Each structure stands twice: as C-alpha cells, then as structure tokens.
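So this block is upload14.cif, mmCIF, C-alpha atoms and all ligand atoms:
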```cif
data_final
#
loop_
_atom_site.label_atom_id
_atom_site.label_comp_id
_atom_site.auth_asym_id
_atom_site.auth_seq_id
_atom_site.Cartn_x
_atom_site.Cartn_y
_atom_site.Cartn_z
CA MET T 1 15.37 -15.89 -8.14
CA LYS T 2 16.97 -16.87 -4.87
CA ARG T 3 16.10 -14.81 -1.81
CA THR T 4 19.69 -13.78 -1.27
CA THR T 5 19.81 -12.61 -4.88
CA LEU T 6 16.72 -10.49 -4.35
CA LEU T 7 18.20 -8.79 -1.32
CA ALA T 8 21.37 -8.05 -3.24
CA ALA T 9 19.25 -6.53 -6.00
CA LEU T 10 17.29 -4.50 -3.48
CA ALA T 11 20.43 -3.04 -1.96
CA ALA T 12 21.35 -1.72 -5.39
CA LEU T 13 18.04 0.03 -5.98
CA PRO T 14 18.29 3.84 -6.18
CA LEU T 15 15.72 3.96 -5.11
CA CYS T 16 -9.58 5.70 18.26
CA GLY T 17 -12.14 5.61 15.74
CA CYS T 18 -13.72 2.72 13.85
CA ALA T 19 -12.69 1.83 10.34
CA GLN T 20 -15.45 1.13 7.84
CA ASP T 21 -15.40 -0.69 4.54
CA ALA T 22 -15.36 2.00 1.86
CA THR T 23 -17.06 -0.25 -0.67
CA THR T 24 -20.20 -0.85 1.36
CA ASN T 25 -20.84 1.72 4.02
CA ASN T 26 -19.66 5.14 3.13
CA THR T 27 -22.86 6.98 2.31
CA ASP T 28 -22.62 9.38 5.22
CA THR T 29 -25.28 11.90 4.20
CA ALA T 30 -23.89 14.51 6.59
CA THR T 31 -20.69 14.69 4.59
CA MET T 32 -21.89 13.95 1.08
CA GLY T 33 -20.71 16.65 -1.26
CA THR T 34 -17.82 17.59 0.99
CA THR T 35 -14.24 16.38 0.89
CA ASN T 36 -13.45 16.09 4.56
CA LYS T 37 -13.44 12.34 5.07
CA THR T 38 -10.39 10.13 5.32
CA LEU T 39 -9.72 6.95 3.37
CA VAL T 40 -7.09 4.25 3.78
CA VAL T 41 -6.54 2.43 0.49
CA TYR T 42 -4.00 -0.36 0.26
CA TYR T 43 -2.74 -3.35 -1.68
CA SER T 44 -1.31 -6.32 0.21
CA ARG T 45 -0.53 -9.88 -0.83
CA THR T 46 -1.05 -13.12 1.08
CA GLY T 47 0.85 -16.36 0.48
CA GLU T 48 4.57 -17.00 0.69
CA ASN T 49 6.76 -13.98 1.26
CA TYR T 50 10.26 -13.03 2.25
CA ALA T 51 11.14 -13.43 5.96
CA VAL T 52 7.58 -14.21 7.08
CA GLY T 53 6.76 -17.56 5.45
CA ASN T 54 3.24 -18.33 4.29
CA ILE T 55 0.96 -15.57 5.59
CA ALA T 56 -2.83 -15.38 5.74
CA GLU T 57 -2.89 -11.61 6.23
CA GLY T 58 -0.49 -9.40 4.29
CA ASN T 59 2.02 -7.18 6.10
CA THR T 60 0.66 -3.96 4.60
CA ALA T 61 -2.91 -4.98 5.45
CA ILE T 62 -1.92 -5.13 9.12
CA VAL T 63 -0.53 -1.59 9.02
CA ALA T 64 -3.48 -0.30 6.96
CA LYS T 65 -5.93 -1.56 9.58
CA MET T 66 -3.92 0.07 12.37
CA ILE T 67 -4.05 3.42 10.55
CA ALA T 68 -7.76 3.12 9.82
CA ALA T 69 -8.55 2.17 13.42
CA LYS T 70 -6.54 5.08 14.79
CA THR T 71 -7.89 7.72 12.37
CA GLY T 72 -11.46 6.46 11.98
CA ALA T 73 -10.91 6.31 8.23
CA ASP T 74 -12.79 4.17 5.75
CA LEU T 75 -10.79 1.23 4.42
CA PHE T 76 -10.52 -0.04 0.84
CA GLU T 77 -8.40 -2.97 -0.28
CA ILE T 78 -7.13 -3.02 -3.86
CA LYS T 79 -7.54 -6.54 -5.25
CA THR T 80 -6.32 -7.64 -8.65
CA VAL T 81 -8.64 -9.55 -10.98
CA LYS T 82 -5.79 -11.97 -11.69
CA GLN T 83 -4.10 -12.80 -8.41
CA TYR T 84 -0.34 -12.84 -8.18
CA ALA T 85 1.24 -16.21 -7.51
CA ALA T 86 1.30 -17.46 -3.93
CA SER T 87 4.85 -18.63 -4.58
CA TYR T 88 7.32 -15.89 -3.66
CA ASP T 89 9.79 -16.75 -6.42
CA VAL T 90 7.09 -16.75 -9.10
CA CYS T 91 5.57 -13.51 -7.82
CA ILE T 92 8.95 -11.81 -7.96
CA GLU T 93 9.10 -12.55 -11.69
CA GLU T 94 5.48 -11.52 -12.31
CA ALA T 95 6.09 -8.22 -10.59
CA LYS T 96 9.30 -7.59 -12.49
CA LYS T 97 7.52 -8.19 -15.81
CA GLU T 98 4.68 -5.81 -14.89
CA LEU T 99 7.15 -3.13 -13.86
CA ARG T 100 9.14 -3.47 -17.09
CA GLU T 101 5.95 -3.25 -19.14
CA ASP T 102 4.52 -0.41 -17.04
CA ALA T 103 1.41 -2.60 -16.81
CA ARG T 104 -1.94 -1.60 -15.35
CA PRO T 105 -3.39 -4.87 -14.05
CA ALA T 106 -7.19 -4.83 -13.73
CA ILE T 107 -8.54 -4.42 -10.22
CA VAL T 108 -11.78 -5.55 -8.59
CA GLY T 109 -14.46 -3.02 -7.65
CA ASP T 110 -13.88 0.56 -6.59
CA VAL T 111 -14.32 3.03 -3.77
CA ALA T 112 -17.81 4.46 -3.73
CA ASP T 113 -17.92 8.26 -3.86
CA PHE T 114 -14.18 8.88 -3.91
CA ASP T 115 -14.86 12.64 -4.04
CA GLN T 116 -15.89 12.71 -0.37
CA TYR T 117 -12.31 12.04 0.77
CA GLY T 118 -9.88 14.89 1.36
CA THR T 119 -7.10 12.78 2.85
CA VAL T 120 -6.09 9.43 1.41
CA TYR T 121 -3.56 7.14 3.08
CA VAL T 122 -2.09 4.93 0.36
CA GLY T 123 -0.43 1.68 1.48
CA TYR T 124 1.56 -0.90 -0.47
CA PRO T 125 4.43 -3.34 -0.26
CA ILE T 126 7.65 -2.22 -1.93
CA TRP T 127 8.07 -4.30 -5.09
CA TRP T 128 11.33 -3.73 -6.92
CA GLY T 129 11.65 -0.38 -5.23
CA VAL T 130 8.17 0.98 -6.04
CA PRO T 131 4.49 0.17 -5.38
CA PRO T 132 2.95 -2.77 -7.29
CA MET T 133 1.52 -1.67 -10.62
CA CYS T 134 -2.06 -2.32 -9.49
CA VAL T 135 -1.72 0.70 -7.21
CA PHE T 136 -1.20 2.82 -10.33
CA THR T 137 -4.30 1.23 -11.85
CA PHE T 138 -6.21 2.56 -8.84
CA PHE T 139 -4.58 5.99 -9.14
CA GLU T 140 -5.64 6.36 -12.75
CA LYS T 141 -9.29 5.63 -11.97
CA HIS T 142 -9.68 8.79 -9.90
CA ASP T 143 -9.35 12.55 -9.82
CA TRP T 144 -6.76 13.44 -7.18
CA ALA T 145 -6.93 17.22 -7.48
CA GLY T 146 -6.83 18.89 -4.08
CA LYS T 147 -6.33 15.66 -2.13
CA THR T 148 -3.66 15.05 0.49
CA VAL T 149 -1.96 11.70 -0.02
CA LYS T 150 -0.07 10.04 2.84
CA PRO T 151 1.98 7.07 1.61
CA PHE T 152 2.93 4.12 3.79
CA ALA T 153 4.80 0.99 2.81
CA THR T 154 6.08 -2.29 4.15
CA HIS T 155 9.37 -3.62 2.84
CA GLU T 156 12.33 -5.86 3.66
CA GLY T 157 15.21 -3.48 3.33
CA SER T 158 14.47 -0.76 0.79
CA GLY T 159 12.46 1.49 3.08
CA LEU T 160 10.19 3.63 0.90
CA GLY T 161 12.58 3.11 -2.02
CA GLY T 162 11.52 5.24 -4.97
CA SER T 163 7.85 4.91 -4.12
CA VAL T 164 7.10 8.43 -2.91
CA ARG T 165 8.81 9.90 -5.96
CA ALA T 166 6.75 7.57 -8.18
CA ILE T 167 3.52 8.56 -6.42
CA LYS T 168 4.27 12.27 -6.76
CA LYS T 169 4.86 11.76 -10.48
CA ALA T 170 1.63 9.77 -10.87
CA LEU T 171 -0.47 12.23 -8.84
CA PRO T 172 0.73 15.73 -9.74
CA ALA T 173 -2.54 17.33 -8.64
CA ALA T 174 -2.31 15.94 -5.10
CA THR T 175 -0.21 17.03 -2.14
CA VAL T 176 1.94 14.02 -1.23
CA THR T 177 3.37 14.06 2.31
CA ASP T 178 6.35 12.23 3.81
CA GLY T 179 5.77 8.51 4.00
CA LEU T 180 5.95 5.80 6.63
CA ALA T 181 8.06 2.67 6.07
CA ILE T 182 7.75 -0.40 8.31
CA GLN T 183 9.59 -3.66 7.80
CA GLY T 184 7.15 -6.37 6.75
CA GLN T 185 8.34 -8.87 9.31
CA THR T 186 7.84 -6.26 12.05
CA ALA T 187 4.23 -5.71 11.00
CA GLN T 188 3.67 -9.46 10.83
CA ASN T 189 5.52 -10.57 13.99
CA ASP T 190 5.89 -7.58 16.30
CA ARG T 191 2.57 -5.73 16.36
CA PRO T 192 3.46 -3.46 19.32
CA ALA T 193 6.52 -2.16 17.45
CA ALA T 194 4.48 -1.63 14.28
CA GLN T 195 1.73 0.12 16.24
CA ALA T 196 4.31 2.40 17.89
CA ALA T 197 5.71 3.39 14.49
CA VAL T 198 2.19 4.08 13.19
CA ASP T 199 1.29 6.15 16.24
CA GLN T 200 4.46 8.19 15.97
CA TRP T 201 3.88 8.89 12.29
CA LEU T 202 0.23 9.81 12.78
CA GLY T 203 1.21 12.11 15.64
CA LYS T 204 3.52 14.19 13.45
C1 LIG T 301 7.35 -9.17 -5.89
C2 LIG T 301 8.07 -8.68 -4.67
C3 LIG T 301 9.03 -7.69 -4.79
C4 LIG T 301 9.66 -7.18 -3.65
N1 LIG T 301 10.57 -6.18 -3.80
C5 LIG T 301 11.11 -5.62 -2.67
C6 LIG T 301 11.98 -4.50 -2.77
O1 LIG T 301 12.29 -4.00 -3.85
N2 LIG T 301 12.48 -3.98 -1.62
C7 LIG T 301 12.16 -4.50 -0.39
O2 LIG T 301 12.64 -4.00 0.61
N3 LIG T 301 11.31 -5.55 -0.27
C8 LIG T 301 10.76 -6.10 -1.37
N4 LIG T 301 9.88 -7.13 -1.26
C9 LIG T 301 9.42 -7.53 0.08
C10 LIG T 301 8.07 -6.86 0.42
O3 LIG T 301 8.11 -5.48 0.22
C11 LIG T 301 7.66 -7.12 1.87
O4 LIG T 301 7.66 -8.49 2.14
C12 LIG T 301 6.31 -6.50 2.19
O5 LIG T 301 6.18 -6.39 3.58
C13 LIG T 301 5.16 -7.35 1.65
O6 LIG T 301 3.96 -6.73 2.01
P1 LIG T 301 2.54 -7.44 1.83
O7 LIG T 301 2.54 -8.65 2.76
O8 LIG T 301 1.57 -6.40 2.28
O9 LIG T 301 2.37 -7.80 0.41
C14 LIG T 301 9.30 -7.69 -2.37
C15 LIG T 301 8.37 -8.72 -2.27
C16 LIG T 301 7.76 -9.22 -3.40
C17 LIG T 301 6.74 -10.33 -3.28
#
```

Give the structure from this file in structure tokens form.
Amino acid sequence: MKRTTLLAALAALPLCGCAQDATTNNTDTATMGTTNKTLVVYYSRTGENYAVGNIAEGNTAIVAKMIAAKTGADLFEIKTVKQYAASYDVCIEEAKKELREDARPAIVGDVADFDQYGTVYVGYPIWWGVPPMCVFTFFEKHDWAGKTVKPFATHEGSGLGGSVRAIKKALPAATVTDGLAIQGQTAQNDRPAAQAAVDQWLGK
C-alpha cells in the first residue's frame, strides 16, 4: 500500500522518579501484596515507519520512557515472538490481516507480579485505528479488576482513533481514563514538544 493511500484510509477511520524494568527488578518487599505501584507497559516497533524513516527506537517507546521517568513507574515492553516486518508496507499488510482475524500474536515474557500495580499506563502505536493485536494478547494474560488504566498512543493523523473504546471493551473490570495522543514524528524528532505534552497530561 502506498503511503498516501494509507493516510487516505486513516482519514476515513471512525474511529522525577526512576523507571525500572518490570521484568527484572520489581520485587519491592515493602509493597508486595499491595496494589499501589505504577506500571508503564507499551508496544513499539522499530524499522521503517511513516514520516520518520528507519528508526532504532520506536515512537511510542520514547513516550513510554518519558512517562516512566516522570512517574517513577516500572517499565515493561511488549515484544512479539514473531517480529513484524521492518518494511513499512509489509507491516501494514501484516497488521491488517491480524486485525481482520482478531489475532492474538504470542508475546515474549511477562510482567512479574502484575497484582502489585494499581495504575497501569498502556502505550501503543495506532494501527488501523486501534492498538496492535499483541496489546490485546497482553490484556488477556492478566486480571484487570480494580486497576486504573491510562492509555497513550502515537499516531500519524488518527489521534487515539478507536483505541480507547477498544480498550474499555477489552478491560471491562478496569477504570479507563482519557488518553494521550502524540504524533509519532513529534516523539521521534521534537522531544521537547513531546515532553511538554506528556507533562501536561500527567499534570491533569
Ligand atoms: C501497521 C501500521 C498501521 C498504522 N495505522 C495507523 C493509523 O490507523 N492511524 C495513524 O494515525 N497512524 C497509523 N500508523 C502510524 C503509526 O501509528 C505511527 O507511526 C506510530 O507513531 C508508530 O509508533 P511506534 O514507532 O511506537 O511503533 C500506522 C503504522 C503502521 C506501521
């Protein structure tokens, strides 16, 4: 699919603390058994992408790290067992197929002791108006009852699209707040602007 075609399709869619790695260092004995900790979980893709070229760090990853640094939250990256193509045009088709099939692609590893988190920031790129299906794989691995979920997304024109609605549907037992949307190229190429948007959202 040509990039211009994608954007046309998108337009039509209805749609200071220190972060720690949640996989390795989250056994805080003082808070074990409680649910007062904060987690930032995100999916983000490297490789060729719209408007930013070939990137070594994904746009959403940049925002996720800003949020974790500012809130002192633990950080967990969702990684798929089978990586999506580095080619943008191929990845577009892979993502469309997964969405059509309502797929649940396998993911690598998991957050240790998910129960200790009361607030979970969930970050993702907008893919065809919603989060990538691997985010739903992560959702279905956990009990979200009583948790507060704060969605954030990077995109190239759709804003949050239908993502918050999709998250609310997937996590009926959680309280899902208003989300933050940042353009991917802003996160990648204008960090001060992205940081300002994060700070404003976190300050609400
Ligand atoms: C498979 C795919 C589908 C996309 N679909 C949309 C979309 O529906 N709306 C939109 O605004 N941007 C869309 N984009 C652009 C991404 O949302 C944007 O580049 C995002 O910042 C990528 O984040 P990442 O680097 O963390 O993966 C899409 C990109 C890809 C690769």

Non-local contacts of T:Ala197 (12 Å; only C-alpha atoms; under 5 positions in same chain excluded) as a count of residues only: 19

Taking all atoms listed in the file into account, which residues are within 6 Å of ligand LIG 301 (chain T), as an MDAnalysis selection string? chainID T and resid 10 44:46 49:50 58:61 88 91:92 95 125:129 154:158 184

What separates atom CA of T:Leu160 and atom CA of T:Ala174 is a distance of 18.5 Å

Selected residue, from T:Asp89, T:Gln188, T:Tyr124, T:Ala145, that lies nearest to T:Ala56 when counting all atoms listed in the file: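 That would be T:Gln188, the residue with the smallest distance to T:Ala56.
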
So, with only C-alpha atoms as the atoms that count, which of T:Val149, T:Met133, T:Ala69, T:Val120 lies closest to T:Glu94?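 Closest to T:Glu94, using only C-alpha atoms: T:Met133.
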